[in-house]
$ cat coords.json   # JSON, C-alpha atoms and all ligand atoms
[["chain", "number", "residue", "atom", "x", "y", "z"],
["Y", 1, "MET", "CA", 0.00, 0.00, 0.00],
["Y", 2, "ASN", "CA", 1.41, 3.40, -1.01],
["Y", 3, "VAL", "CA", 1.33, 5.69, 2.02],
["Y", 4, "VAL", "CA", 1.67, 9.48, 2.01],
["Y", 5, "ILE", "CA", 2.48, 11.06, 5.38],
["Y", 6, "ALA", "CA", 1.46, 14.66, 6.10],
["Y", 7, "GLY", "CA", 3.27, 16.42, 8.95],
["Y", 8, "CYS", "CA", 6.21, 14.06, 8.44],
["Y", 9, "SER", "CA", 8.63, 16.22, 10.45],
["Y", 10, "GLY", "CA", 6.38, 16.40, 13.52],
["Y", 11, "ARG", "CA", 6.38, 14.15, 16.60],
["Y", 12, "MET", "CA", 3.66, 11.91, 15.20],
["Y", 13, "GLY", "CA", 5.19, 12.14, 11.72],
["Y", 14, "HIS", "CA", 8.38, 10.51, 13.02],
["Y", 15, "ALA", "CA", 6.43, 7.76, 14.82],
["Y", 16, "LEU", "CA", 4.49, 7.09, 11.58],
["Y", 17, "LEU", "CA", 7.65, 6.94, 9.47],
["Y", 18, "GLU", "CA", 9.17, 4.44, 11.91],
["Y", 19, "GLY", "CA", 6.00, 2.32, 11.65],
["Y", 20, "VAL", "CA", 5.90, 2.43, 7.83],
["Y", 21, "PHE", "CA", 9.62, 1.53, 7.49],
["Y", 22, "ALA", "CA", 9.05, -1.49, 9.76],
["Y", 23, "ASP", "CA", 5.94, -2.77, 7.92],
["Y", 24, "PRO", "CA", 6.51, -4.85, 4.77],
["Y", 25, "GLU", "CA", 2.87, -4.28, 3.66],
["Y", 26, "LEU", "CA", 3.41, -0.50, 3.49],
["Y", 27, "LYS", "CA", 5.60, 1.66, 1.28],
["Y", 28, "LEU", "CA", 6.42, 5.32, 1.91],
["Y", 29, "HIS", "CA", 5.20, 6.96, -1.28],
["Y", 30, "ALA", "CA", 5.57, 10.64, -0.31],
["Y", 31, "ALA", "CA", 6.22, 12.80, 2.75],
["Y", 32, "VAL", "CA", 4.57, 16.21, 3.07],
["Y", 33, "ASP", "CA", 5.12, 19.16, 5.38],
["Y", 34, "ARG", "CA", 4.62, 22.92, 5.35],
["Y", 35, "ALA", "CA", 6.71, 25.01, 2.97],
["Y", 36, "GLU", "CA", 8.65, 26.55, 5.92],
["Y", 37, "SER", "CA", 9.70, 23.15, 7.34],
["Y", 38, "PRO", "CA", 13.50, 22.95, 7.74],
["Y", 39, "GLN", "CA", 13.27, 19.34, 6.49],
["Y", 40, "LEU", "CA", 11.87, 20.35, 3.08],
["Y", 41, "GLY", "CA", 13.91, 18.78, 0.25],
["Y", 42, "GLN", "CA", 15.67, 16.37, 2.63],
["Y", 43, "ASP", "CA", 15.22, 12.61, 2.85],
["Y", 44, "ALA", "CA", 12.11, 11.96, 5.00],
["Y", 45, "GLY", "CA", 13.92, 9.14, 6.83],
["Y", 46, "ALA", "CA", 16.95, 11.29, 7.77],
["Y", 47, "PRO", "CA", 15.80, 12.09, 11.37],
["Y", 48, "LEU", "CA", 15.52, 8.32, 11.97],
["Y", 49, "GLY", "CA", 18.83, 7.52, 10.27],
["Y", 50, "VAL", "CA", 17.02, 5.81, 7.36],
["Y", 51, "LYS", "CA", 17.70, 6.47, 3.67],
["Y", 52, "SER", "CA", 14.19, 6.21, 2.19],
["Y", 53, "GLY", "CA", 14.76, 7.96, -1.13],
["Y", 54, "VAL", "CA", 11.61, 10.04, -0.49],
["Y", 55, "LEU", "CA", 12.23, 13.78, -0.21],
["Y", 56, "VAL", "CA", 10.02, 15.96, 1.99],
["Y", 57, "THR", "CA", 7.76, 18.16, -0.16],
["Y", 58, "SER", "CA", 5.06, 20.79, 0.37],
["Y", 59, "ASP", "CA", 3.44, 19.98, -3.00],
["Y", 60, "ILE", "CA", 0.41, 17.98, -1.86],
["Y", 61, "LYS", "CA", -0.98, 17.51, -5.38],
["Y", 62, "ALA", "CA", 2.23, 15.89, -6.65],
["Y", 63, "ALA", "CA", 2.59, 13.86, -3.43],
["Y", 64, "LEU", "CA", -0.86, 12.29, -3.83],
["Y", 65, "GLN", "CA", -0.24, 11.09, -7.43],
["Y", 66, "GLY", "CA", -0.03, 7.30, -7.23],
["Y", 67, "GLY", "CA", -0.74, 7.28, -3.48],
["Y", 68, "ASP", "CA", -3.35, 5.00, -1.88],
["Y", 69, "VAL", "CA", -3.83, 6.76, 1.46],
["Y", 70, "LEU", "CA", -2.76, 10.00, 3.15],
["Y", 71, "ILE", "CA", -2.12, 9.85, 6.90],
["Y", 72, "ASP", "CA", -2.52, 13.32, 8.41],
["Y", 73, "PHE", "CA", -1.32, 14.38, 11.88],
["Y", 74, "THR", "CA", -0.89, 18.14, 11.51],
["Y", 75, "ARG", "CA", -3.21, 21.06, 12.38],
["Y", 76, "PRO", "CA", -6.87, 21.63, 11.36],
["Y", 77, "GLU", "CA", -6.09, 24.27, 8.71],
["Y", 78, "PRO", "CA", -3.68, 22.14, 6.62],
["Y", 79, "SER", "CA", -5.84, 19.05, 7.28],
["Y", 80, "MET", "CA", -8.79, 20.74, 5.55],
["Y", 81, "GLN", "CA", -6.59, 21.61, 2.56],
["Y", 82, "TYR", "CA", -5.29, 18.03, 2.41],
["Y", 83, "LEU", "CA", -8.90, 16.79, 2.61],
["Y", 84, "ASP", "CA", -9.85, 18.79, -0.51],
["Y", 85, "ALA", "CA", -6.74, 17.53, -2.31],
["Y", 86, "CYS", "CA", -7.53, 13.90, -1.37],
["Y", 87, "VAL", "CA", -11.12, 14.22, -2.64],
["Y", 88, "SER", "CA", -9.84, 15.66, -5.97],
["Y", 89, "ALA", "CA", -7.19, 12.95, -6.32],
["Y", 90, "GLY", "CA", -9.44, 10.09, -5.08],
["Y", 91, "VAL", "CA", -6.94, 9.22, -2.32],
["Y", 92, "LYS", "CA", -8.23, 7.81, 1.01],
["Y", 93, "MET", "CA", -7.41, 9.54, 4.26],
["Y", 94, "VAL", "CA", -6.59, 8.71, 7.88],
["Y", 95, "ILE", "CA", -7.08, 11.86, 9.98],
["Y", 96, "GLY", "CA", -5.45, 11.92, 13.40],
["Y", 97, "THR", "CA", -5.26, 15.71, 13.76],
["Y", 98, "THR", "CA", -7.33, 17.17, 16.63],
["Y", 99, "GLY", "CA", -8.86, 20.57, 17.36],
["Y", 100, "PHE", "CA", -11.42, 20.72, 14.51],
["Y", 101, "SER", "CA", -14.46, 23.01, 14.77],
["Y", 102, "PRO", "CA", -17.95, 21.44, 14.42],
["Y", 103, "ALA", "CA", -18.12, 22.88, 10.85],
["Y", 104, "GLU", "CA", -14.77, 21.28, 9.94],
["Y", 105, "LYS", "CA", -15.95, 17.94, 11.37],
["Y", 106, "SER", "CA", -19.08, 18.17, 9.20],
["Y", 107, "ALA", "CA", -16.91, 18.88, 6.13],
["Y", 108, "ILE", "CA", -14.87, 15.73, 6.87],
["Y", 109, "GLU", "CA", -18.07, 13.66, 7.12],
["Y", 110, "ALA", "CA", -19.33, 15.15, 3.83],
["Y", 111, "ALA", "CA", -16.03, 14.33, 2.05],
["Y", 112, "ALA", "CA", -16.44, 10.70, 3.17],
["Y", 113, "ALA", "CA", -19.24, 10.34, 0.60],
["Y", 114, "LYS", "CA", -16.44, 10.43, -2.01],
["Y", 115, "ILE", "CA", -13.40, 8.82, -0.32],
["Y", 116, "GLY", "CA", -12.88, 6.37, 2.55],
["Y", 117, "ILE", "CA", -11.86, 8.22, 5.74],
["Y", 118, "VAL", "CA", -10.85, 7.04, 9.20],
["Y", 119, "PHE", "CA", -11.16, 10.00, 11.56],
["Y", 120, "ALA", "CA", -10.32, 9.50, 15.24],
["Y", 121, "PRO", "CA", -8.82, 11.80, 17.87],
["Y", 122, "ASN", "CA", -7.05, 8.83, 19.42],
["Y", 123, "MET", "CA", -5.83, 5.86, 17.41],
["Y", 124, "SER", "CA", -4.76, 3.66, 20.34],
["Y", 125, "VAL", "CA", -6.42, 0.31, 21.05],
["Y", 126, "GLY", "CA", -6.62, 1.18, 24.76],
["Y", 127, "VAL", "CA", -8.51, 4.45, 24.26],
["Y", 128, "THR", "CA", -10.86, 2.80, 21.76],
["Y", 129, "LEU", "CA", -11.68, 0.25, 24.48],
["Y", 130, "LEU", "CA", -11.97, 3.07, 27.06],
["Y", 131, "ILE", "CA", -14.65, 4.77, 24.93],
["Y", 132, "ASN", "CA", -16.73, 1.57, 25.10],
["Y", 133, "LEU", "CA", -16.16, 1.20, 28.86],
["Y", 134, "VAL", "CA", -17.21, 4.81, 29.44],
["Y", 135, "GLN", "CA", -20.43, 4.23, 27.51],
["Y", 136, "GLU", "CA", -21.22, 1.14, 29.60],
["Y", 137, "ALA", "CA", -20.33, 2.87, 32.88],
["Y", 138, "ALA", "CA", -22.40, 5.97, 32.01],
["Y", 139, "LYS", "CA", -25.46, 3.81, 31.35],
["Y", 140, "ILE", "CA", -25.10, 1.95, 34.66],
["Y", 141, "LEU", "CA", -24.17, 5.05, 36.72],
["Y", 142, "SER", "CA", -26.75, 7.22, 35.00],
["Y", 143, "SER", "CA", -28.13, 8.83, 38.14],
["Y", 144, "GLY", "CA", -26.38, 10.08, 41.26],
["Y", 145, "TYR", "CA", -22.92, 10.18, 39.69],
["Y", 146, "ASP", "CA", -21.15, 13.32, 38.47],
["Y", 147, "ILE", "CA", -18.97, 12.89, 35.37],
["Y", 148, "GLU", "CA", -15.66, 14.72, 35.14],
["Y", 149, "ILE", "CA", -12.96, 14.18, 32.51],
["Y", 150, "ILE", "CA", -9.35, 14.96, 33.37],
["Y", 151, "GLU", "CA", -6.59, 14.94, 30.76],
["Y", 152, "ALA", "CA", -2.85, 15.64, 30.78],
["Y", 153, "HIS", "CA", -0.53, 16.23, 27.81],
["Y", 154, "HIS", "CA", 2.97, 17.51, 27.02],
["Y", 155, "ARG", "CA", 3.76, 21.23, 27.00],
["Y", 156, "HIS", "CA", 3.73, 21.49, 23.17],
["Y", 157, "LYS", "CA", 0.07, 20.53, 22.71],
["Y", 158, "VAL", "CA", -1.86, 23.46, 21.19],
["Y", 159, "ASP", "CA", -5.53, 22.49, 21.66],
["Y", 160, "ALA", "CA", -7.56, 21.93, 24.83],
["Y", 161, "PRO", "CA", -9.35, 19.93, 26.00],
["Y", 162, "SER", "CA", -7.78, 17.13, 23.97],
["Y", 163, "GLY", "CA", -9.75, 15.62, 21.11],
["Y", 164, "THR", "CA", -9.75, 12.36, 23.07],
["Y", 165, "ALA", "CA", -11.24, 14.03, 26.17],
["Y", 166, "LEU", "CA", -14.00, 15.47, 23.97],
["Y", 167, "ARG", "CA", -14.60, 12.06, 22.36],
["Y", 168, "LEU", "CA", -14.89, 10.49, 25.83],
["Y", 169, "GLY", "CA", -17.31, 13.26, 26.80],
["Y", 170, "GLU", "CA", -19.37, 12.59, 23.67],
["Y", 171, "ALA", "CA", -19.45, 8.87, 24.51],
["Y", 172, "ALA", "CA", -20.74, 9.57, 28.03],
["Y", 173, "ALA", "CA", -23.23, 12.20, 26.83],
["Y", 174, "GLN", "CA", -24.54, 9.91, 24.09],
["Y", 175, "ALA", "CA", -25.08, 7.04, 26.56],
["Y", 176, "LEU", "CA", -27.09, 9.44, 28.77],
["Y", 177, "GLY", "CA", -29.11, 10.97, 25.92],
["Y", 178, "ARG", "CA", -27.47, 14.37, 26.40],
["Y", 179, "ASN", "CA", -25.87, 16.77, 23.90],
["Y", 180, "LEU", "CA", -22.25, 17.43, 24.91],
["Y", 181, "GLN", "CA", -22.25, 20.91, 23.41],
["Y", 182, "GLU", "CA", -25.07, 21.83, 25.80],
["Y", 183, "CYS", "CA", -23.79, 20.15, 28.98],
["Y", 184, "ALA", "CA", -19.99, 20.57, 28.85],
["Y", 185, "ILE", "CA", -18.20, 22.78, 31.40],
["Y", 186, "TYR", "CA", -14.64, 23.60, 30.33],
["Y", 187, "GLY", "CA", -12.70, 24.45, 33.50],
["Y", 188, "ARG", "CA", -13.97, 26.37, 36.53],
["Y", 189, "GLU", "CA", -12.91, 29.60, 38.23],
["Y", 190, "GLY", "CA", -14.29, 31.93, 40.89],
["Y", 191, "VAL", "CA", -17.71, 31.55, 42.51],
["Y", 192, "THR", "CA", -19.18, 28.92, 40.24],
["Y", 193, "GLY", "CA", -22.12, 27.85, 42.39],
["Y", 194, "GLU", "CA", -22.94, 24.23, 43.12],
["Y", 195, "ARG", "CA", -22.38, 21.63, 40.48],
["Y", 196, "ASP", "CA", -25.30, 21.05, 38.07],
["Y", 197, "ALA", "CA", -25.94, 17.28, 38.01],
["Y", 198, "ASN", "CA", -26.48, 17.29, 34.23],
["Y", 199, "THR", "CA", -23.09, 18.74, 33.34],
["Y", 200, "ILE", "CA", -19.93, 16.96, 32.20],
["Y", 201, "GLY", "CA", -16.81, 18.75, 33.43],
["Y", 202, "PHE", "CA", -13.40, 18.91, 31.75],
["Y", 203, "ALA", "CA", -10.05, 19.68, 33.40],
["Y", 204, "THR", "CA", -6.82, 20.11, 31.43],
["Y", 205, "VAL", "CA", -3.22, 19.66, 32.60],
["Y", 206, "ARG", "CA", -0.25, 20.64, 30.36],
["Y", 207, "GLY", "CA", 3.40, 19.98, 31.10],
["Y", 208, "GLY", "CA", 6.68, 18.26, 30.34],
["Y", 209, "ASP", "CA", 6.62, 15.28, 28.00],
["Y", 210, "VAL", "CA", 3.35, 13.59, 29.05],
["Y", 211, "VAL", "CA", 2.30, 11.59, 25.96],
["Y", 212, "GLY", "CA", -1.39, 11.53, 26.95],
["Y", 213, "ASP", "CA", -3.34, 10.60, 30.12],
["Y", 214, "HIS", "CA", -7.14, 10.50, 30.31],
["Y", 215, "THR", "CA", -9.38, 9.77, 33.28],
["Y", 216, "VAL", "CA", -13.17, 9.65, 33.27],
["Y", 217, "LEU", "CA", -14.37, 10.08, 36.82],
["Y", 218, "PHE", "CA", -17.85, 9.03, 37.99],
["Y", 219, "ALA", "CA", -18.22, 10.61, 41.44],
["Y", 220, "GLY", "CA", -21.13, 9.44, 43.54],
["Y", 221, "VAL", "CA", -21.98, 9.67, 47.23],
["Y", 222, "GLY", "CA", -19.55, 7.51, 49.20],
["Y", 223, "GLU", "CA", -17.59, 6.28, 46.17],
["Y", 224, "ARG", "CA", -15.82, 7.16, 42.94],
["Y", 225, "VAL", "CA", -15.21, 5.09, 39.84],
["Y", 226, "GLU", "CA", -12.23, 6.16, 37.72],
["Y", 227, "LEU", "CA", -11.52, 4.81, 34.23],
["Y", 228, "THR", "CA", -7.99, 5.74, 33.18],
["Y", 229, "HIS", "CA", -5.78, 5.33, 30.13],
["Y", 230, "LYS", "CA", -2.13, 6.36, 30.00],
["Y", 231, "ALA", "CA", -0.15, 6.38, 26.77],
["Y", 232, "SER", "CA", 3.59, 5.89, 27.30],
["Y", 233, "SER", "CA", 4.72, 6.17, 23.66],
["Y", 234, "ARG", "CA", 3.45, 7.69, 20.39],
["Y", 235, "ALA", "CA", 4.01, 4.28, 18.78],
["Y", 236, "THR", "CA", 0.56, 3.23, 19.98],
["Y", 237, "PHE", "CA", -1.10, 6.05, 17.95],
["Y", 238, "ALA", "CA", 1.12, 5.40, 14.92],
["Y", 239, "LEU", "CA", 0.42, 1.65, 14.87],
["Y", 240, "GLY", "CA", -3.32, 2.39, 15.15],
["Y", 241, "ALA", "CA", -3.11, 4.86, 12.24],
["Y", 242, "LEU", "CA", -1.32, 2.30, 10.06],
["Y", 243, "ARG", "CA", -3.96, -0.30, 10.96],
["Y", 244, "ALA", "CA", -6.59, 2.29, 9.95],
["Y", 245, "ALA", "CA", -4.82, 2.80, 6.59],
["Y", 246, "LYS", "CA", -4.97, -0.96, 5.89],
["Y", 247, "PHE", "CA", -8.65, -1.04, 6.97],
["Y", 248, "LEU", "CA", -9.40, 1.50, 4.22],
["Y", 249, "LYS", "CA", -7.96, -0.78, 1.50],
["Y", 250, "SER", "CA", -11.38, -2.35, 0.89],
["Y", 251, "ARG", "CA", -13.47, 0.79, 1.57],
["Y", 252, "SER", "CA", -13.91, 3.32, -1.22],
["Y", 253, "SER", "CA", -16.12, 5.69, 0.81],
["Y", 254, "GLY", "CA", -17.54, 6.24, 4.31],
["Y", 255, "CYS", "CA", -16.42, 7.87, 7.56],
["Y", 256, "TYR", "CA", -15.05, 5.40, 10.10],
["Y", 257, "ASP", "CA", -13.46, 5.63, 13.54],
["Y", 258, "MET", "CA", -11.20, 3.27, 15.47],
["Y", 259, "GLN", "CA", -14.24, 1.38, 16.78],
["Y", 260, "HIS", "CA", -14.78, 0.23, 13.17],
["Y", 261, "VAL", "CA", -11.08, -0.43, 12.53],
["Y", 262, "LEU", "CA", -10.78, -2.66, 15.60],
["Y", 263, "GLY", "CA", -14.09, -4.41, 14.89],
["Y", 264, "PHE", "CA", -15.92, -3.08, 17.99],
["Y", 265, "ARG", "CA", -18.58, -1.57, 15.71],
["Y", 266, "GLN", "CA", -19.93, -2.65, 12.33],
["Y", 267, "THR", "CA", -22.19, 0.29, 11.33],
["S", 301, "LIG", "P1", 3.80, 18.44, 15.94],
["S", 301, "LIG", "O1", 3.69, 19.90, 16.20],
["S", 301, "LIG", "O2", 5.01, 17.70, 16.46],
["S", 301, "LIG", "O3", 3.73, 18.15, 14.37],
["S", 301, "LIG", "C1", 2.81, 18.83, 13.53],
["S", 301, "LIG", "C2", 3.27, 18.70, 12.10],
["S", 301, "LIG", "O4", 2.35, 19.41, 11.27],
["S", 301, "LIG", "C3", 4.67, 19.28, 11.85],
["S", 301, "LIG", "O5", 5.36, 18.46, 10.96],
["S", 301, "LIG", "C4", 4.36, 20.65, 11.25],
["S", 301, "LIG", "O6", 5.39, 21.13, 10.41],
["S", 301, "LIG", "C5", 3.08, 20.33, 10.47],
["S", 301, "LIG", "N1", 2.32, 21.54, 10.23],
["S", 301, "LIG", "C6", 1.98, 22.50, 11.12],
["S", 301, "LIG", "N2", 1.33, 23.50, 10.50],
["S", 301, "LIG", "C7", 1.26, 23.17, 9.21],
["S", 301, "LIG", "C8", 0.71, 23.81, 8.07],
["S", 301, "LIG", "N3", 0.10, 25.01, 8.14],
["S", 301, "LIG", "N4", 0.78, 23.17, 6.87],
["S", 301, "LIG", "C9", 1.37, 21.96, 6.79],
["S", 301, "LIG", "N5", 1.93, 21.32, 7.84],
["S", 301, "LIG", "C10", 1.87, 21.92, 9.04],
["S", 301, "LIG", "O7", 2.46, 17.79, 16.51],
["S", 301, "LIG", "P2", 2.18, 16.26, 16.90],
["S", 301, "LIG", "O8", 2.42, 16.04, 18.35],
["S", 301, "LIG", "O9", 2.83, 15.35, 15.90],
["S", 301, "LIG", "O10", 0.59, 16.22, 16.70],
["S", 301, "LIG", "C11", 0.00, 16.53, 15.44],
["S", 301, "LIG", "C12", -1.52, 16.41, 15.57],
["S", 301, "LIG", "O11", -1.90, 15.06, 15.85],
["S", 301, "LIG", "C13", -2.13, 17.25, 16.70],
["S", 301, "LIG", "O12", -3.37, 17.74, 16.28],
["S", 301, "LIG", "C14", -2.31, 16.24, 17.83],
["S", 301, "LIG", "O13", -3.31, 16.60, 18.75],
["S", 301, "LIG", "C15", -2.71, 15.03, 17.03],
["S", 301, "LIG", "N6", -2.50, 13.73, 17.67],
["S", 301, "LIG", "C16", -3.45, 12.79, 17.45],
["S", 301, "LIG", "C17", -3.30, 11.51, 17.94],
["S", 301, "LIG", "C18", -4.30, 10.46, 17.58],
["S", 301, "LIG", "O14", -4.17, 9.31, 18.02],
["S", 301, "LIG", "N7", -5.30, 10.78, 16.76],
["S", 301, "LIG", "C19", -2.17, 11.19, 18.71],
["S", 301, "LIG", "C20", -1.20, 12.18, 18.93],
["S", 301, "LIG", "C21", -1.37, 13.46, 18.38]]
$ encode --input "coords.json" --output "structure tokens"
Amino acid sequence: MNVVIAGCSGRMGHALLEGVFADPELKLHAAVDRAESPQLGQDAGAPLGVKSGVLVTSDIKAALQGGDVLIDFTRPEPSMQYLDACVSAGVKMVIGTTGFSPAEKSAIEAAAAKIGIVFAPNMSVGVTLLINLVQEAAKILSSGYDIEIIEAHHRHKVDAPSGTALRLGEAAAQALGRNLQECAIYGREGVTGERDANTIGFATVRGGDVVGDHTVLFAGVGERVELTHKASSRATFALGALRAAKFLKSRSSGCYDMQHVLGFRQT
């Protein structure tokens, strides 16, 4: 399978390159980054000490020619440009970028009528399982338990709360028949008043090199249930993204998430 990596000089880009080089089913077809990237024109494998013969380019149109799938871990603005380019070129897409607006998310879903897309804010097996566990727990603890989501990430992360925290919030809200956009509380300060039982709270921690920790807390009277996932390496996200790319081989259209890729969900 011919893989194009967008954001190849980023943290996730390097983890993806390592995964592609190690996988005999996948071939690095092209490596894309922004025009200002210091790695432009250099061998994409250079930071990993690998001679791949693929030079980093900012020309997305040329990069997609002959490609089967684009894996994108960048920022929402370039992701939307890459999405348009993939639709025009008929190339499938794995989108791992986070921080999209509701309108951008709708545009991704609309594009999936024309190309196969896997779109997930967290590509790890563990978080995909956590989403299911949160749904189950929310159904069982549907009354008398306050839901709070706490996440921690490294100091370079630019969006908050994390896409994964929001996805976990959506899972809990969905299980309870609530709309997350109406019940979410993003951080608290000052005299906030007592907690509204229908809200789902989010707390964000940023610092150091934390790869990604997420806890969904169900706080009742006399007890707390905490469901926690901790990522210790970006390899888990990269391996999930590569699995998602292979999943798309037999899908010419449709918007999927990691629940589909891992077989937890069929529709
Ligand atoms: P990073 O800052 O290390 O890398 C971002 C890459 O995007 C860089 O190569 C950068 O040059 C490129 N880029 C930035 N602006 C660009 C532009 N305007 N045009 C083209 N390229 C541009 O970030 P990272 O830690 O690798 O994370 C990238 C994204 O992936 C973030 O949104 C992050 O939240 C998300 N992420 C998702 C998962 C997941 O499992 N879905 C896991 C980790 C990170």
$ atom_distance --input "coords.json" --atom1 "atom CA of Glu182 of chain Y" --atom2 "atom CA of Asp257 of chain Y"
23.4 Å
$ closest_atom_pairs --input "coords.json" --of "segment 115-162 of chain Y" --to "segment 69-73 of chain Y" --cutoff "10 Å" --atoms "only C-alpha atoms" --output "tab-separated table"
residue	atom	partner	partner_atom	distance
Y:Ile115	CA	Y:Val69	CA	9.9
Y:Gly116	CA	Y:Val69	CA	9.1
Y:Ile117	CA	Y:Val69	CA	9.2
Y:Val118	CA	Y:Ile71	CA	9.5
Y:Phe119	CA	Y:Asp72	CA	9.8
Y:Pro121	CA	Y:Phe73	CA	9.9
$ residues_around --input "coords.json" --residues "Val127 of chain Y" --least-positions-apart "6" --cutoff "12 Å" --atoms "all atoms listed in the file" --output "list in words"
Ala120, Pro121, Leu133, Val134, Gly163, Thr164, Ala165, Arg167, Leu168, Ala171, Gly212, Asp213, His214, Thr215, Val216, Leu227, Thr228, His229, Lys230, Ala231, Thr236, Phe237, Gly240, Asp257, Met258, Gln259 and Leu262 of chain Y
$ residues_near_ligand --input "coords.json" --ligand "ligand LIG 301 (chain S)" --cutoff "7 Å" --atoms "all atoms listed in the file" --output "PDB file with C-alpha atoms, keeping the file's coordinate frame"
ATOM      1  CA  ALA Y   6       1.460  14.660   6.100  1.00  0.00           C
ATOM      2  CA  GLY Y   7       3.270  16.420   8.950  1.00  0.00           C
ATOM      3  CA  CYS Y   8       6.210  14.060   8.440  1.00  0.00           C
ATOM      4  CA  SER Y   9       8.630  16.220  10.450  1.00  0.00           C
ATOM      5  CA  GLY Y  10       6.380  16.400  13.520  1.00  0.00           C
ATOM      6  CA  ARG Y  11       6.380  14.150  16.600  1.00  0.00           C
ATOM      7  CA  MET Y  12       3.660  11.910  15.200  1.00  0.00           C
ATOM      8  CA  GLY Y  13       5.190  12.140  11.720  1.00  0.00           C
ATOM      9  CA  ASP Y  33       5.120  19.160   5.380  1.00  0.00           C
ATOM     10  CA  ARG Y  34       4.620  22.920   5.350  1.00  0.00           C
ATOM     11  CA  SER Y  37       9.700  23.150   7.340  1.00  0.00           C
ATOM     12  CA  PHE Y  73      -1.320  14.380  11.880  1.00  0.00           C
ATOM     13  CA  THR Y  74      -0.890  18.140  11.510  1.00  0.00           C
ATOM     14  CA  ARG Y  75      -3.210  21.060  12.380  1.00  0.00           C
ATOM     15  CA  GLU Y  77      -6.090  24.270   8.710  1.00  0.00           C
ATOM     16  CA  PRO Y  78      -3.680  22.140   6.620  1.00  0.00           C
ATOM     17  CA  GLY Y  96      -5.450  11.920  13.400  1.00  0.00           C
ATOM     18  CA  THR Y  97      -5.260  15.710  13.760  1.00  0.00           C
ATOM     19  CA  THR Y  98      -7.330  17.170  16.630  1.00  0.00           C
ATOM     20  CA  GLY Y  99      -8.860  20.570  17.360  1.00  0.00           C
ATOM     21  CA  ALA Y 120     -10.320   9.500  15.240  1.00  0.00           C
ATOM     22  CA  PRO Y 121      -8.820  11.800  17.870  1.00  0.00           C
ATOM     23  CA  ASN Y 122      -7.050   8.830  19.420  1.00  0.00           C
ATOM     24  CA  MET Y 123      -5.830   5.860  17.410  1.00  0.00           C
ATOM     25  CA  SER Y 124      -4.760   3.660  20.340  1.00  0.00           C
ATOM     26  CA  LYS Y 157       0.070  20.530  22.710  1.00  0.00           C
ATOM     27  CA  ASP Y 159      -5.530  22.490  21.660  1.00  0.00           C
ATOM     28  CA  SER Y 162      -7.780  17.130  23.970  1.00  0.00           C
ATOM     29  CA  GLY Y 163      -9.750  15.620  21.110  1.00  0.00           C
ATOM     30  CA  ARG Y 234       3.450   7.690  20.390  1.00  0.00           C
ATOM     31  CA  PHE Y 237      -1.100   6.050  17.950  1.00  0.00           C
TER      32      PHE Y 237
END
$ atom_distance --input "coords.json" --atom1 "atom CA of Val191 of chain Y" --atom2 "atom CA of Glu151 of chain Y"
23.2 Å
